[in-house]
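Pasting data.csv here (CSV, C-alpha atoms):
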chain,number,residue,atom,x,y,z
S,45,MET,CA,-24.0,-10.5,48.0
S,46,LYS,CA,-22.3,-13.7,46.9
S,47,LYS,CA,-23.0,-12.9,43.3
S,48,ILE,CA,-21.5,-9.5,43.7
S,49,LEU,CA,-18.4,-10.9,45.3
S,50,ILE,CA,-18.0,-13.4,42.5
S,51,THR,CA,-18.4,-10.7,39.8
S,52,LEU,CA,-15.9,-8.5,41.6
S,53,ALA,CA,-13.4,-11.4,41.8
S,54,LEU,CA,-13.9,-12.2,38.1
S,55,LEU,CA,-13.4,-8.5,37.2
S,56,ALA,CA,-10.2,-8.5,39.3
S,57,ILE,CA,-8.9,-11.5,37.4
S,58,THR,CA,-9.7,-9.9,34.0
S,59,ALA,CA,-8.0,-6.7,35.1
S,60,VAL,CA,-4.9,-8.7,36.1
S,61,THR,CA,-4.7,-10.5,32.8
S,62,ALA,CA,-5.2,-7.3,30.8
S,63,GLN,CA,-2.2,-5.8,32.7
S,64,ALA,CA,0.0,-8.8,32.9
S,65,GLY,CA,3.7,-8.1,32.4
S,66,PRO,CA,5.9,-9.5,29.6
S,67,GLU,CA,7.0,-12.6,31.6
S,68,GLU,CA,3.4,-13.5,32.6
S,69,ASP,CA,2.4,-13.0,29.0
S,70,ARG,CA,5.2,-15.3,27.8
S,71,MET,CA,4.4,-18.0,30.3
S,72,ALA,CA,0.7,-17.9,29.2
S,73,PHE,CA,1.8,-18.3,25.6
S,74,ILE,CA,4.1,-21.2,26.4
S,75,LYS,CA,1.4,-22.9,28.5
S,76,TYR,CA,-1.0,-22.5,25.6
S,77,TYR,CA,1.4,-23.9,23.0
S,78,LYS,CA,2.6,-26.8,25.3
S,79,ALA,CA,-1.0,-27.9,25.6
S,80,LYS,CA,-1.5,-27.6,21.9
S,81,PHE,CA,1.8,-29.3,20.8
S,82,PRO,CA,2.8,-31.4,23.8
S,83,SER,CA,5.5,-33.3,21.9
S,84,VAL,CA,7.4,-30.2,20.7
S,85,PRO,CA,10.4,-29.3,22.9
S,86,MET,CA,10.7,-25.6,23.8
S,87,GLU,CA,14.0,-25.0,21.9
S,88,GLU,CA,12.3,-26.3,18.7
S,89,TYR,CA,10.1,-23.2,18.5
S,90,ALA,CA,13.1,-21.2,17.2
S,91,ASN,CA,12.5,-23.1,13.9
S,92,GLY,CA,9.2,-21.5,13.4
S,93,VAL,CA,6.6,-23.5,11.6
S,94,TYR,CA,9.0,-26.4,11.0
S,95,ALA,CA,8.7,-27.2,14.7
S,96,ILE,CA,5.2,-28.4,14.0
S,97,ASP,CA,5.2,-29.3,10.3
S,98,PRO,CA,7.2,-32.6,9.7
S,99,ILE,CA,6.8,-32.6,5.9
S,100,GLY,CA,7.7,-28.9,5.5
S,101,ARG,CA,10.7,-29.6,7.8
S,102,GLU,CA,12.1,-32.2,5.4
S,103,ASN,CA,12.1,-29.7,2.6
S,104,TRP,CA,13.5,-27.0,4.8
S,105,GLU,CA,16.4,-29.2,5.9
S,106,ALA,CA,17.2,-30.0,2.3
S,107,ILE,CA,17.2,-26.3,1.5
S,108,GLU,CA,19.4,-25.6,4.4
S,109,GLU,CA,22.1,-27.9,3.0
S,110,PHE,CA,22.9,-25.2,0.4
S,111,PRO,CA,21.5,-22.1,2.2
S,112,PRO,CA,20.1,-19.6,-0.3
S,113,TYR,CA,20.9,-16.7,2.0
S,114,GLU,CA,24.7,-17.3,2.0
S,115,PRO,CA,25.5,-14.7,-0.7
S,116,PHE,CA,23.7,-12.1,1.3
S,117,ILE,CA,25.8,-12.8,4.4
S,118,ASP,CA,29.0,-12.3,2.3
S,119,ALA,CA,27.6,-9.0,0.8
S,120,GLY,CA,26.7,-7.9,4.3
S,121,GLN,CA,30.2,-8.6,5.6
S,122,ALA,CA,31.6,-6.4,2.8
S,123,MET,CA,29.2,-3.7,3.8
S,124,TRP,CA,30.2,-4.0,7.5
S,125,GLU,CA,33.9,-3.7,6.6
S,126,LYS,CA,33.7,-1.0,4.0
S,127,PRO,CA,34.3,2.5,5.5
S,128,PHE,CA,31.7,5.3,4.9
S,129,ALA,CA,32.7,8.4,3.0
S,130,ASN,CA,33.9,10.0,6.2
S,131,GLY,CA,36.2,7.2,6.9
S,132,LYS,CA,34.2,5.7,9.8
S,133,GLY,CA,32.2,2.5,9.5
S,134,TYR,CA,29.5,0.4,11.2
S,135,LYS,CA,32.3,-0.8,13.5
S,136,ASP,CA,32.5,2.7,15.0
S,137,CYS,CA,28.8,2.8,15.8
S,138,PHE,CA,28.7,-0.7,17.1
S,139,PRO,CA,32.0,-1.4,18.9
S,140,ASP,CA,30.7,-4.7,20.4
S,141,GLY,CA,30.9,-6.1,16.9
S,142,PRO,CA,28.5,-7.6,14.5
S,143,ALA,CA,27.2,-10.3,16.9
S,144,MET,CA,24.7,-7.9,18.4
S,145,ALA,CA,21.3,-9.0,17.2
S,146,ASP,CA,20.3,-10.1,20.7
S,147,LYS,CA,20.5,-6.5,21.9
S,148,TYR,CA,17.6,-5.5,19.8
S,149,PRO,CA,14.8,-4.5,19.9
S,150,SER,CA,15.4,-2.5,23.0
S,151,TRP,CA,14.0,0.5,24.7
S,152,ASP,CA,15.9,3.7,24.1
S,153,LYS,CA,15.3,6.0,27.0
S,154,GLN,CA,16.8,9.0,25.3
S,155,GLN,CA,14.8,8.7,22.1
S,156,GLY,CA,11.8,7.5,24.1
S,157,MET,CA,11.1,4.7,21.6
S,158,VAL,CA,11.8,1.1,20.8
S,159,VAL,CA,14.9,0.8,18.7
S,160,THR,CA,15.2,-2.2,16.4
S,161,LEU,CA,18.3,-3.4,14.7
S,162,PRO,CA,17.5,-2.0,11.2
S,163,LEU,CA,16.6,1.3,12.8
S,164,ALA,CA,19.9,1.4,14.7
S,165,LEU,CA,21.8,0.5,11.5
S,166,ASN,CA,20.2,3.4,9.6
S,167,GLN,CA,20.7,5.8,12.5
S,168,CYS,CA,24.4,4.9,12.3
S,169,LEU,CA,24.4,5.6,8.5
S,170,GLU,CA,22.6,9.0,9.0
S,171,ALA,CA,24.9,10.0,11.8
S,172,ASN,CA,27.8,9.6,9.4
S,173,GLY,CA,26.2,11.5,6.6
S,174,GLU,CA,25.2,8.4,4.6
S,175,LYS,CA,21.9,7.7,3.0
S,176,PRO,CA,19.6,5.4,5.1
S,177,LEU,CA,18.6,2.1,3.6
S,178,LYS,CA,15.1,1.1,2.7
S,179,TYR,CA,13.5,-1.1,5.4
S,180,LYS,CA,11.9,-3.9,3.4
S,181,LYS,CA,13.9,-4.9,0.4
S,182,GLY,CA,17.4,-4.4,-0.9
S,183,PRO,CA,20.8,-4.0,0.8
S,184,ILE,CA,19.6,-3.6,4.3
S,185,ASN,CA,19.0,-7.4,4.2
S,186,ASN,CA,22.7,-8.0,3.4
S,187,ILE,CA,23.9,-6.2,6.5
S,188,LEU,CA,21.1,-7.8,8.6
S,189,ALA,CA,22.0,-11.2,7.3
S,190,TYR,CA,25.6,-10.7,8.3
S,191,VAL,CA,24.7,-9.4,11.8
S,192,ALA,CA,22.2,-12.3,12.2
S,193,PHE,CA,24.7,-14.9,11.1
S,194,GLN,CA,27.3,-13.5,13.5
S,195,SER,CA,24.7,-13.5,16.3
S,196,ARG,CA,23.6,-17.1,15.9
S,197,GLY,CA,23.3,-18.9,19.2
S,198,LYS,CA,22.8,-15.8,21.2
S,199,VAL,CA,19.7,-16.0,23.4
S,200,ILE,CA,16.9,-13.5,23.1
S,201,ASN,CA,16.4,-11.5,26.2
S,202,VAL,CA,14.2,-8.5,25.7
S,203,GLU,CA,13.8,-6.4,28.8
S,204,VAL,CA,11.0,-3.9,29.4
S,205,PRO,CA,12.7,-1.5,31.8
S,206,LYS,CA,10.6,-0.7,34.9
S,207,ASP,CA,12.1,2.7,35.4
S,208,ASP,CA,10.5,4.2,32.3
S,209,PRO,CA,6.7,3.9,32.1
S,210,ARG,CA,6.9,4.7,28.4
S,211,ALA,CA,8.7,1.4,27.8
S,212,MET,CA,5.8,-0.6,29.3
S,213,ALA,CA,3.4,1.5,27.3
S,214,ALA,CA,5.2,0.6,24.1
S,215,TYR,CA,5.1,-3.1,25.1
S,216,GLU,CA,1.4,-2.8,25.8
S,217,ASP,CA,0.9,-1.1,22.5
S,218,GLY,CA,2.6,-3.9,20.7
S,219,LYS,CA,0.5,-6.4,22.6
S,220,LYS,CA,-2.7,-4.6,21.8
S,221,PHE,CA,-1.7,-4.6,18.1
S,222,TYR,CA,-1.2,-8.3,18.3
S,223,PHE,CA,-4.7,-8.9,19.7
S,224,THR,CA,-6.5,-6.4,17.6
S,225,ARG,CA,-8.6,-7.6,14.6
S,226,ARG,CA,-8.0,-5.6,11.5
S,227,GLY,CA,-8.7,-5.7,7.8
S,228,GLN,CA,-11.7,-6.9,5.8
S,229,LEU,CA,-11.1,-10.5,7.0
S,230,ASN,CA,-11.3,-9.3,10.6
S,231,PHE,CA,-8.3,-11.3,11.8
S,232,SER,CA,-5.8,-10.4,14.5
S,233,CYS,CA,-2.2,-11.7,14.7
S,234,ALA,CA,-3.6,-13.9,17.5
S,235,SER,CA,-6.4,-15.3,15.3
S,236,CYS,CA,-3.9,-17.1,13.1
S,237,HIS,CA,-0.8,-17.6,15.1
S,238,LEU,CA,-2.2,-18.3,18.6
S,239,GLN,CA,-5.8,-19.5,18.3
S,240,ASN,CA,-5.3,-21.5,15.1
S,241,ALA,CA,-1.6,-22.2,15.1
S,242,GLY,CA,-0.9,-25.6,13.6
S,243,LEU,CA,-4.0,-25.5,11.4
S,244,ARG,CA,-3.9,-24.7,7.7
S,245,VAL,CA,-4.7,-21.6,5.7
S,246,ARG,CA,-5.1,-23.2,2.3
S,247,THR,CA,-1.9,-25.3,2.0
S,248,GLU,CA,0.2,-23.5,4.6
S,249,ILE,CA,0.4,-24.4,8.2
S,250,LEU,CA,0.1,-21.5,10.6
S,251,SER,CA,3.2,-20.9,12.7
S,252,PRO,CA,3.2,-20.3,16.4
S,253,THR,CA,4.0,-16.8,17.7
S,254,VAL,CA,6.8,-18.0,20.0
S,255,GLY,CA,9.8,-18.2,17.7
S,256,HIS,CA,8.5,-15.8,15.1
S,257,VAL,CA,11.4,-13.4,15.5
S,258,THR,CA,14.4,-15.8,15.8
S,259,GLY,CA,15.4,-16.2,12.2
S,260,TRP,CA,15.4,-12.8,10.5
S,261,PRO,CA,16.2,-11.8,7.9
S,262,VAL,CA,14.6,-14.7,6.0
S,263,TYR,CA,15.1,-16.0,2.5
S,264,ARG,CA,11.6,-16.7,1.4
S,265,SER,CA,11.1,-18.8,-1.7
S,266,LYS,CA,8.1,-16.7,-2.4
S,267,TRP,CA,10.2,-13.6,-2.5
S,268,GLY,CA,13.1,-15.2,-4.2
S,269,THR,CA,15.3,-13.1,-1.9
S,270,VAL,CA,16.0,-12.2,1.7
S,271,GLY,CA,13.6,-9.8,3.4
S,272,THR,CA,13.0,-8.1,6.7
S,273,LEU,CA,10.6,-8.9,9.5
S,274,HIS,CA,8.7,-5.7,8.8
S,275,ARG,CA,8.3,-6.7,5.2
S,276,ARG,CA,6.6,-9.9,6.5
S,277,PHE,CA,4.4,-7.8,8.8
S,278,SER,CA,3.2,-5.9,5.8
S,279,GLY,CA,2.6,-9.1,3.9
S,280,CYS,CA,0.6,-10.5,6.8
S,281,ASN,CA,-1.5,-7.4,7.0
S,282,ASN,CA,-2.1,-7.5,3.3
S,283,ASN,CA,-3.2,-11.1,3.5
S,284,ILE,CA,-6.0,-10.2,5.9
S,285,ARG,CA,-6.9,-7.2,3.7
S,286,ALA,CA,-5.7,-4.5,6.0
S,287,LYS,CA,-3.7,-1.7,4.7
S,288,ALA,CA,-0.1,-2.4,5.8
S,289,LEU,CA,1.5,0.2,8.1
S,290,LYS,CA,4.9,1.8,7.6
S,291,ALA,CA,7.9,-0.5,8.0
S,292,GLN,CA,9.8,0.7,11.2
S,293,GLY,CA,6.9,2.9,12.1
S,294,GLU,CA,5.9,3.0,15.7
S,295,GLU,CA,3.2,0.3,15.4
S,296,TYR,CA,5.4,-2.3,13.8
S,297,ARG,CA,8.4,-1.5,16.1
S,298,ASN,CA,6.2,-2.0,19.2
S,299,LEU,CA,4.8,-5.2,17.7
S,300,GLU,CA,8.3,-6.4,17.2
S,301,TYR,CA,9.1,-5.5,20.9
S,302,PHE,CA,6.1,-7.6,22.1
S,303,LEU,CA,6.8,-10.5,19.7
S,304,THR,CA,10.5,-10.6,20.7
S,305,ALA,CA,9.6,-10.6,24.4
S,306,MET,CA,7.4,-13.6,23.7
S,307,SER,CA,10.4,-15.4,22.3
S,308,ASN,CA,12.7,-14.7,25.3
S,309,GLY,CA,14.9,-17.6,26.0
S,310,LEU,CA,15.1,-18.9,22.5
S,311,GLU,CA,18.3,-18.9,20.5
S,312,LEU,CA,18.8,-16.6,17.5
S,313,ASN,CA,19.2,-18.6,14.3
S,314,GLY,CA,19.0,-16.1,11.5
S,315,PRO,CA,19.3,-15.8,8.6
S,316,SER,CA,16.9,-18.6,7.7
S,317,ALA,CA,14.9,-20.0,4.9
S,318,ARG,CA,11.2,-20.2,4.7
S,319,LYS,CA,8.6,-21.1,2.0
G,265,MET,CA,-62.9,3.0,13.3
G,266,LYS,CA,-61.7,6.5,12.4
G,267,ILE,CA,-58.3,5.9,13.8
G,268,LYS,CA,-58.0,2.7,11.7
G,269,THR,CA,-58.9,4.7,8.5
G,270,VAL,CA,-56.4,7.4,9.3
G,271,LEU,CA,-53.7,4.8,9.9
G,272,ALA,CA,-54.5,2.9,6.7
G,273,MET,CA,-54.3,6.2,4.8
G,274,LEU,CA,-51.0,7.0,6.4
G,275,VAL,CA,-49.5,3.6,5.6
G,276,LEU,CA,-50.7,4.0,2.0
G,277,ALA,CA,-49.3,7.5,1.7
G,278,PHE,CA,-45.9,6.4,3.0
G,279,GLY,CA,-45.9,3.4,0.8
G,280,LEU,CA,-46.5,5.5,-2.2
G,281,LEU,CA,-43.8,7.9,-1.2
G,282,ALA,CA,-41.3,5.2,-0.7
G,283,GLY,CA,-42.3,3.5,-3.9
G,284,SER,CA,-41.9,6.6,-6.0
G,285,ALA,CA,-38.6,7.5,-4.3
G,286,ALA,CA,-37.3,4.0,-5.2
G,287,VAL,CA,-38.5,4.4,-8.8
G,288,LEU,CA,-36.8,7.8,-9.0
G,289,ALA,CA,-33.6,6.5,-7.5
G,290,GLY,CA,-33.6,3.5,-9.8
G,291,GLY,CA,-34.2,5.5,-12.9
G,292,MET,CA,-31.8,8.4,-12.0
G,293,LYS,CA,-28.5,8.4,-13.8
G,294,ALA,CA,-25.5,9.5,-11.8
G,295,ASP,CA,-23.8,12.7,-13.0
G,296,ALA,CA,-20.4,14.3,-12.5
G,297,ALA,CA,-21.5,16.1,-9.3
G,298,MET,CA,-22.9,12.9,-7.8
G,299,ALA,CA,-19.8,11.1,-8.5
G,300,ALA,CA,-17.6,13.8,-7.1
G,301,ASP,CA,-19.7,13.9,-4.0
G,302,ALA,CA,-19.6,10.1,-3.5
G,303,ILE,CA,-15.8,10.1,-4.0
G,304,ALA,CA,-15.4,13.0,-1.5
G,305,LYS,CA,-17.4,11.0,1.1
G,306,ALA,CA,-15.4,7.9,0.4
G,307,GLU,CA,-12.2,9.7,0.8
G,308,ALA,CA,-13.4,11.2,4.1
G,309,ALA,CA,-14.4,7.8,5.4
G,310,ARG,CA,-11.0,6.3,4.3
G,311,LYS,CA,-9.2,9.1,6.1
G,312,GLN,CA,-11.2,8.5,9.3
G,313,ALA,CA,-10.4,4.8,9.2
G,314,ALA,CA,-6.7,5.6,8.6
G,315,SER,CA,-6.7,8.0,11.6
G,316,VAL,CA,-7.1,4.9,13.9
G,317,ASN,CA,-4.9,2.6,11.8
G,318,GLY,CA,-8.1,0.9,10.6
G,319,GLU,CA,-7.8,1.3,6.8
G,320,TRP,CA,-8.5,-1.7,4.7
G,321,ARG,CA,-6.3,-2.9,1.9
G,322,ASP,CA,-8.4,-2.0,-1.1
G,323,THR,CA,-10.3,1.1,0.0
G,324,GLY,CA,-7.8,3.4,-1.6
G,325,LYS,CA,-7.7,1.3,-4.7
G,326,PHE,CA,-11.5,1.6,-5.1
G,327,ILE,CA,-11.4,5.3,-4.7
G,328,LYS,CA,-8.7,5.5,-7.3
G,329,GLN,CA,-10.8,3.4,-9.6
G,330,ALA,CA,-13.8,5.6,-8.9
G,331,GLN,CA,-11.8,8.7,-9.8
G,332,ASP,CA,-10.7,7.1,-13.1
G,333,ALA,CA,-14.3,6.1,-13.9
G,334,ALA,CA,-15.5,9.6,-13.2
G,335,LYS,CA,-12.8,11.0,-15.5
G,336,ALA,CA,-13.9,8.6,-18.2
G,337,GLY,CA,-17.5,9.8,-17.8
G,338,GLU,CA,-18.7,6.5,-16.3
G,339,TYR,CA,-20.5,8.1,-13.4
G,340,ASP,CA,-22.6,5.1,-12.4
G,341,LYS,CA,-19.6,3.0,-12.0
G,342,ALA,CA,-17.8,5.8,-10.1
G,343,VAL,CA,-20.6,6.2,-7.6
G,344,LYS,CA,-20.9,2.4,-7.1
G,345,LEU,CA,-17.1,2.1,-6.4
G,346,ALA,CA,-17.1,5.2,-4.2
G,347,LYS,CA,-20.0,3.8,-2.1
G,348,LYS,CA,-18.1,0.5,-1.7
G,349,ALA,CA,-15.0,2.4,-0.5
G,350,GLU,CA,-17.1,4.6,1.8
G,351,ALA,CA,-18.6,1.5,3.4
G,352,GLU,CA,-15.2,0.0,3.9
G,353,GLY,CA,-13.9,3.2,5.5
G,354,ARG,CA,-16.8,3.2,7.9
G,355,LEU,CA,-16.4,-0.5,8.8
G,356,GLY,CA,-12.6,-0.1,9.2
G,357,TYR,CA,-13.1,2.8,11.6
G,358,GLU,CA,-15.8,1.0,13.6
G,359,GLN,CA,-13.7,-2.1,13.7
G,360,GLN,CA,-10.8,-0.3,15.4
G,361,VAL,CA,-13.0,1.9,17.7
G,362,SER,CA,-14.9,-1.1,18.9
G,363,GLN,CA,-11.6,-2.6,20.1
G,364,SER,CA,-10.2,0.4,21.7
G,365,GLU,CA,-9.6,-1.6,24.9
G,366,LEU,CA,-7.3,-4.6,24.8
G,367,LYS,CA,-9.2,-7.8,25.5
G,368,ILE,CA,-7.2,-11.0,26.0
G,369,PRO,CA,-9.1,-13.9,24.4
G,370,SER,CA,-10.5,-16.4,26.8
G,371,TYR,CA,-8.5,-19.3,25.3
G,372,LEU,CA,-5.3,-17.8,26.6
G,373,LYS,CA,-5.1,-18.7,30.2
G,374,TYR,CA,-2.9,-16.9,32.7
Encoded form using structure tokens:
Amino acid sequence: MKKILITLALLAITAVTAQAGPEEDRMAFIKYYKAKFPSVPMEEYANGVYAIDPIGRENWEAIEEFPPYEPFIDAGQAMWEKPFANGKGYKDCFPDGPAMADKYPSWDKQQGMVVTLPLALNQCLEANGEKPLKYKKGPINNILAYVAFQSRGKVINVEVPKDDPRAMAAYEDGKKFYFTRRGQLNFSCASCHLQNAGLRVRTEILSPTVGHVTGWPVYRSKWGTVGTLHRRFSGCNNNIRAKALKAQGEEYRNLEYFLTAMSNGLELNGPSARK
Amino acid sequence: MKIKTVLAMLVLAFGLLAGSAAVLAGGMKADAAMAADAIAKAEAARKQAASVNGEWRDTGKFIKQAQDAAKAGEYDKAVKLAKKAEAEGRLGYEQQVSQSELKIPSYLKY
């Protein structure tokens, strides 16, 4: 009898953790990282891997003295201000101004899906008869860099609305993606960025998940340009020898939803520079 | 005694069968039909893996290489590549299906 009761209790605990809400998940992540990196203050996580890599940080700080992403911000500002062919512009779609990166990703009840910033920008273009931008490389990074720069200092606060069960389903979907092993190497996002955060893959230190989304778009030295978060998702999937999924497809958008919720409370500091 | 003899004969017969099959398979050269069949199987396995978002990075590449090899008349190479791709497709599918339920790893404490 006692054994049965213990088993039942254990099962109940497992069920609770599997269905934990965004805030419970975030607290569990923070508890885990605090135990792993006790000397790192919470706000430092917004700096990604440089919160836990002192040598990499020195290089990064040197790079940030003459930020390589600056020309992209200027190009983005020009895009923001230039009217479309119909005379309207981004300003008309986003009356709250360019400092709006903290409003994304968000659950759009009408469309029944997670809307990310790049998607919202493209929907604005399409609504005004313009051609949408590509999601990984090219000019989308200019406009994203401008919006990110204007949004610096805003605090991430992703909400999963309780009045629409589809929103929680999207969040859960993103969480499942995060914990699902894929590719020939059989790694999940969690394998590297949770379980082994702080350890090295070849010469690179694995960054913690909390803070993954704060600095986009990112000027990566490897790319030699600024790229989007979903471009990085593709790269990550390729590294573990899984076929990358579509940028701004449902899977990656839901993953972004989950990841951003894990960074709730951190300040946005994009665009940023990484190796 | 009798049973033992029958058993021994059976074992011998199976052994011979297996042996000759192996010899046949080893000596057999792949032809265009075999290559086409292997490629079709590989493509089916790749699609099945993709249906659950479980496709691996290089599966499609191997199928493409197999198709190129078949076109060039290198059927052995084509079959070998297609078999590799088929195995990847199957493994990718199984990998995703085996994780159809979300399991939070034990190191993450709530």
*Distance query 8 Å from (13.5, -2.6, 27.0) using all atoms listed in the file, result as a list of chain:residue names*: S:Pro149, S:Ser150, S:Trp151, S:Asp152, S:Val158, S:Val202, S:Glu203, S:Val204, S:Pro205, S:Ala211
*asked:* Restricting the calculation to all atoms listed in the file: of S:Val159, S:Val84, S:Val191, S:Ala286, which residue gets closest to Gly242 of chain S?
replied: S:Val84
_Residues of chain G were defined as contacting chain S if any atom lay at most 12 Å from it, counting all atoms listed in the file; please report them as a count of residues only._
39
*Mind pulling up the distance from atom CA of Asn185 of chain S to atom CA of Leu299 of chain S?*
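Calculated distance between atom CA of Leu299 of chain S and atom CA of Asn185 of chain S is 19.7 Å.
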*Nearest to Met144 of chain S by atom-to-atom distance, counting only C-alpha atoms, from S:Val245, S:Ala129, S:Leu250, S:Val199*: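 Selected residue with least distance to Met144 of chain S: S:Val199.
For the point (14.2, 12.2, 29.5), the residues with at least one atom inside 12 Å, counting all atoms listed in the file, are S:Asp152, S:Lys153, S:Gln154, S:Gln155, S:Gly156, S:Met157, S:Asp207, S:Asp208, S:Pro209, S:Arg210.
When atom CA of Glu102 of chain S is paired with atom CA of Ser195 of chain S, their separation reads 25.0 Å.
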*Taking into account all atoms listed in the file, which residue in the set G:Ala309, G:Met273, G:Ala297, G:Ile303 is nearest to Ala330 of chain G?*
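Ranked by minimum distance to Ala330 of chain G, first place goes to G:Ile303.
Using all atoms listed in the file, the protein and nucleic acid residues lying no more than 8 Å from Pro162 of chain S, apart from those fewer than 4 places from it along its own chain, are Asn166, Tyr179, Ile184 and Leu188 of chain S.
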*For Gly337 of chain G, work out the shell of residues within 9 Å, counting all atoms listed in the file and skipping chain neighbours fewer than 4 positions away, then give it as an MDAnalysis selection string.*
chainID G and resid 295:296 332:333 342
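Picture a line from atom CA of Asp118 of chain S to atom CA of Gly141 of chain S; it runs 16.0 Å.
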*List the neighbours of Gly133 of chain S out to 9 Å using only C-alpha atoms; skip same-chain residues closer than 4 positions along the sequence, and give me the result as a PyMOL selection string.*
chain S and resi 123-129+137-138+168-169+172
_I want to know what sits within 10 Å of Thr304 of chain S, based on all atoms listed in the file, with residues of the same chain fewer than 5 positions away left out; could you give that as a list in words?_
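Within the cut-off, the hits are Asp146, Tyr148, Pro149, Ser150, Ile200, Asn201, Val202, Glu203, Thr253, Val254, Gly255, His256, Val257, Thr258, Asn298, Leu299, Gly309 and Leu310 of chain S.
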*Using only C-alpha atoms, find the one residue out of S:Ile187, S:Ile96, S:Ala122, S:Val262 that sits nearest to Lys78 of chain S.*
S:Ile96
*asked:* I'd like the contact shell of Val343 of chain G - 7 Å cut-off, all atoms listed in the file, skipping same-chain residues fewer than 4 positions apart - returned as a PyMOL selection string.
replied: chain G and resi 299+302+330+339+347
